[in-house]
Every structure is written in C-alpha cells, then in structure tokens.
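Chemist: This is the structure I have questions about; it appears just below.
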Amino acid sequence: MNTLADILRGVERGAFPPPDLGITVVPPPADRASCLLAFTAHIVIAADVDAAWVAERLPPGDLCAPTNPPFLSALEAATGRHVASLDAMLLAPAITDLAERAAATAGLSEVTDHQHPRVENALHTRDDVRVYLDEYGGFVLTGRGLADRIECAIEVPEDARGKRHGRRLARAARALIPANAHVWAQVTPGNAASMRTFFAAGYRPVGSEALLVK
C-alpha cells in the first residue's frame with residue numbers, strides 16, 4: 001500500500017487495508033486533493049504529513065479520534081486545506097452484460113452544457129467529466145476523481161422525486177463506465193434517501209472519507 005491509488009484499486013478488488021487498528025500515511029494523490037479515509041478498523045491519511053506527526057496527535061488504537069474535529073482541524077492547518085466533505089464511500093462494479101448496459105442507459109443523452117452548479121463543482125474536483133440528461137430533467141455524471149478513481153453523481157429534479165428515477169440514474173452510472181471498472185459514489189450519511197437509492201442500484205458501503213481541498 002504505497003500510494004492511495006494502490007489502496008483504492010485494492011478495495012475495488014475486495015482487498016481492504018488490514019483491520020488492525022492501524023493508520024497508514026501515504027502521499028496525497030494530486031495537488032488539488034488530500035483526504036482521510038476510514039475503513040473497518042483502519043485509517044488511511046493521504047496528505048503532506050508524516051507518520052510521526054500523526055502519531056503525536058492520535059492515541060494508539062483510537063479510530064474515532066482521526067475523524068473528529070480536533071484532528072481534522074490540525075490536518076487542515078498542516079496542509080493549508082479545508083475539509084470540503086465528510087461522506088460515506090459507496091462502490092459498485094460496472095454492468096458487463098451488453099443488453100443490461102443498453103437498458104440501463106436507455107433514454108439518456110450526453111450533453112456538453114456544464115452550467116448546472118453540481119456539474120460546475122464536479123469540474124473542479126474531477127477530470128474527464130461526462131454528463132447525461134434524462135427525459136425528466138435529471139442527470140448522471142461520471143469523471144475521474146480522487147486518485148484517478150471513477151466517480152459518479154446524480155441529480156433528480158424535485159418534481160420528479162419519489163418515482164425511482166434516482167435509482168435508475170445511479171444504476172446507469174454502472175453502465176457508463178468501462179466494463180472492467182468500478183464506480184464510486186460519495187454520499188453524506190445523513191442523506192438517507194440518497195443512501196437507499198444507491199444501495200438499491202447495487203452499490204455497497206466500503207468506508208468513509210474526509211476530502212481536503214484548497
């Protein structure tokens with residue numbers, strides 16, 4: 001586990017950091033993002049700090065302290081960044097069957113107008129962003145985000161909610177990526193409706209993340 005990319009690719013394969021109450025410190029993956037990831041009984045910090053700095057500030061074996069405000073504030077000060085989000089990390093494999101891929105993306109049209117606020121935000125944090133609209137005014141986007149992982153986001157207009165359009169869009173994201181890939185979604189844990197939507201679309205929780213940006 002020398003890089004964050006190694007760790008995330010491992011998680012995609014089902015190989016998680018060891019549940020040993022440990023903390024792994026690796027370099028940040030890019031200039032625009034650092035992060036703290038919490039997995040089962042293991043913390044990963046990808047930032048411009050070293051293991052000694054972390055050890056001075058965290059009690060051994062305490063996996064709550066790294067995700068609490070005092071340590072996150074210290075990490076913000078040390079890196080010159082701010083915590084932009086505290087999210088659950090959800091993960092799903094691509095849909096591989098050709099007929100299922102076609103059915104999952106039916107009714108979507110790719111657009112190049114990226115003026116929606118959610119899309120504009122994605123352009124700041126992701127590369128290779130692609131946006132697809134549906135007939136109800138909703139959209140699904142995919143792009144390369146943290147450590148080059150494939151990420152997705154969805155949006156359903158208020159007047160179209162409660163009709164399983166979100167589930168359909170979340171599933172479509174699994175058909176808009178290469179067949180040998182996985183797609184990540186970051187969801188605020190308190191957004192129970194969104195969590196249920198992604199679970200129903202075949203995503204599963206793999207950890208949590210605090211993303212630090214400039």
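Each chain of the structure tokens is named A, B, ... in the order shown, its residues numbered from 1; ligands are numbered from 1 in display order.
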Taking only C-alpha atoms into account, produce a table as JSON lines in which each residue of range 1-112 of chain A with an atom at most 6 Å from an atom of range 184-190 of chain A appears once, together with its shortest atom pair and the distance in Å to one decimal, ordered by chain and rising number.
Modeler:
```
{"residue": "A:Asp87", "atom": "CA", "partner": "A:Thr188", "partner_atom": "CA", "distance": 4.5}
{"residue": "A:Ala88", "atom": "CA", "partner": "A:Val187", "partner_atom": "CA", "distance": 5.2}
{"residue": "A:Met89", "atom": "CA", "partner": "A:Gln186", "partner_atom": "CA", "distance": 4.9}
{"residue": "A:Leu90", "atom": "CA", "partner": "A:Ala185", "partner_atom": "CA", "distance": 5.0}
{"residue": "A:Leu91", "atom": "CA", "partner": "A:Trp184", "partner_atom": "CA", "distance": 4.6}
```
Chemist: Can you pull out the residues contacting Glu135 in chain A? Cut-off 9 Å, using only C-alpha atoms, and skip same-chain residues under 6 positions away; I want them as a list in words.
Modeler: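 Near neighbours after the sequence-gap exclusion: Gly107, Leu108 and Ser109 of chain A.
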Chemist: Grab the residues selected above and save them as a PDB file, in the first residue's frame with C-alpha atoms.
Modeler:
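out_36.pdb written:
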```
ATOM      1  CA  GLY A 107     -33.282   7.493 -22.567  1.00  0.00           C
ATOM      2  CA  LEU A 108     -30.044   9.257 -21.616  1.00  0.00           C
ATOM      3  CA  SER A 109     -28.466  11.909 -23.827  1.00  0.00           C
TER       4      SER A 109
END
```
Chemist: Step one, run DSSP on the backbone; step two, keep only residues of range 9-75 of chain A assigned to strand (DSSP E); then write them as an mmCIF file with N, CA, C and O atoms, in the first residue's frame.
Modeler:
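Wrote it out as states_12.cif, contents follow:
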```cif
data_model
loop_
_atom_site.group_PDB
_atom_site.id
_atom_site.type_symbol
_atom_site.label_atom_id
_atom_site.label_comp_id
_atom_site.auth_asym_id
_atom_site.auth_seq_id
_atom_site.Cartn_x
_atom_site.Cartn_y
_atom_site.Cartn_z
ATOM 1 N N GLY A 22 -4.761 0.158 12.812
ATOM 2 C CA GLY A 22 -3.605 0.937 12.391
ATOM 3 C C GLY A 22 -3.967 2.156 11.573
ATOM 4 O O GLY A 22 -5.122 2.384 11.192
ATOM 5 N N ILE A 23 -2.935 2.954 11.312
ATOM 6 C CA ILE A 23 -3.056 4.156 10.478
ATOM 7 C C ILE A 23 -1.969 4.094 9.421
ATOM 8 O O ILE A 23 -0.782 3.940 9.736
ATOM 9 N N THR A 24 -2.366 4.207 8.174
ATOM 10 C CA THR A 24 -1.425 4.241 7.057
ATOM 11 C C THR A 24 -1.360 5.661 6.530
ATOM 12 O O THR A 24 -2.403 6.274 6.259
ATOM 13 N N VAL A 25 -0.149 6.190 6.392
ATOM 14 C CA VAL A 25 0.050 7.536 5.860
ATOM 15 C C VAL A 25 0.742 7.417 4.510
ATOM 16 O O VAL A 25 1.802 6.784 4.400
ATOM 17 N N VAL A 26 0.129 7.990 3.489
ATOM 18 C CA VAL A 26 0.680 7.963 2.131
ATOM 19 C C VAL A 26 0.666 9.380 1.564
ATOM 20 O O VAL A 26 -0.029 10.263 2.078
ATOM 21 N N SER A 34 -6.393 16.214 -0.828
ATOM 22 C CA SER A 34 -5.850 15.312 0.170
ATOM 23 C C SER A 34 -7.054 14.671 0.839
ATOM 24 O O SER A 34 -8.189 15.085 0.614
ATOM 25 N N CYS A 35 -6.829 13.662 1.667
ATOM 26 C CA CYS A 35 -8.000 13.024 2.260
ATOM 27 C C CYS A 35 -7.628 12.201 3.474
ATOM 28 O O CYS A 35 -6.464 11.870 3.708
ATOM 29 N N LEU A 36 -8.654 11.897 4.257
ATOM 30 C CA LEU A 36 -8.569 10.923 5.329
ATOM 31 C C LEU A 36 -9.678 9.921 5.076
ATOM 32 O O LEU A 36 -10.850 10.290 4.988
ATOM 33 N N LEU A 37 -9.318 8.655 4.919
ATOM 34 C CA LEU A 37 -10.285 7.603 4.649
ATOM 35 C C LEU A 37 -10.359 6.665 5.843
ATOM 36 O O LEU A 37 -9.331 6.273 6.397
ATOM 37 N N ALA A 38 -11.573 6.314 6.228
ATOM 38 C CA ALA A 38 -11.786 5.369 7.326
ATOM 39 C C ALA A 38 -12.367 4.085 6.769
ATOM 40 O O ALA A 38 -13.433 4.096 6.133
ATOM 41 N N PHE A 39 -11.642 2.982 6.986
ATOM 42 C CA PHE A 39 -12.134 1.660 6.635
ATOM 43 C C PHE A 39 -12.389 0.894 7.930
ATOM 44 O O PHE A 39 -12.201 1.421 9.021
ATOM 45 N N HIS A 42 -9.246 0.561 10.316
ATOM 46 C CA HIS A 42 -8.013 1.073 9.716
ATOM 47 C C HIS A 42 -8.276 2.455 9.123
ATOM 48 O O HIS A 42 -9.307 2.677 8.493
ATOM 49 N N ILE A 43 -7.324 3.353 9.324
ATOM 50 C CA ILE A 43 -7.396 4.719 8.807
ATOM 51 C C ILE A 43 -6.302 4.911 7.766
ATOM 52 O O ILE A 43 -5.169 4.456 7.946
ATOM 53 N N VAL A 44 -6.636 5.590 6.674
ATOM 54 C CA VAL A 44 -5.644 5.972 5.664
ATOM 55 C C VAL A 44 -5.649 7.488 5.552
ATOM 56 O O VAL A 44 -6.698 8.105 5.346
ATOM 57 N N ILE A 45 -4.462 8.074 5.697
ATOM 58 C CA ILE A 45 -4.311 9.529 5.545
ATOM 59 C C ILE A 45 -3.422 9.783 4.341
ATOM 60 O O ILE A 45 -2.274 9.330 4.308
ATOM 61 N N ALA A 46 -3.954 10.479 3.360
ATOM 62 C CA ALA A 46 -3.179 10.844 2.173
ATOM 63 C C ALA A 46 -3.026 12.352 2.174
ATOM 64 O O ALA A 46 -3.917 13.088 1.728
#
```
Chemist: Given only C-alpha atoms as the basis, pick out the residue of A:Val206, A:Val49, A:Leu8, A:Pro29 nearest to Arg149 in chain A.
Modeler: A:Leu8
Chemist: For a test of reading the model, state the distance in Å between CA of Arg196 in chain A and CA of Ala153 in chain A, rounded to one decimal.
Modeler: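 The value is 14.4 Å.
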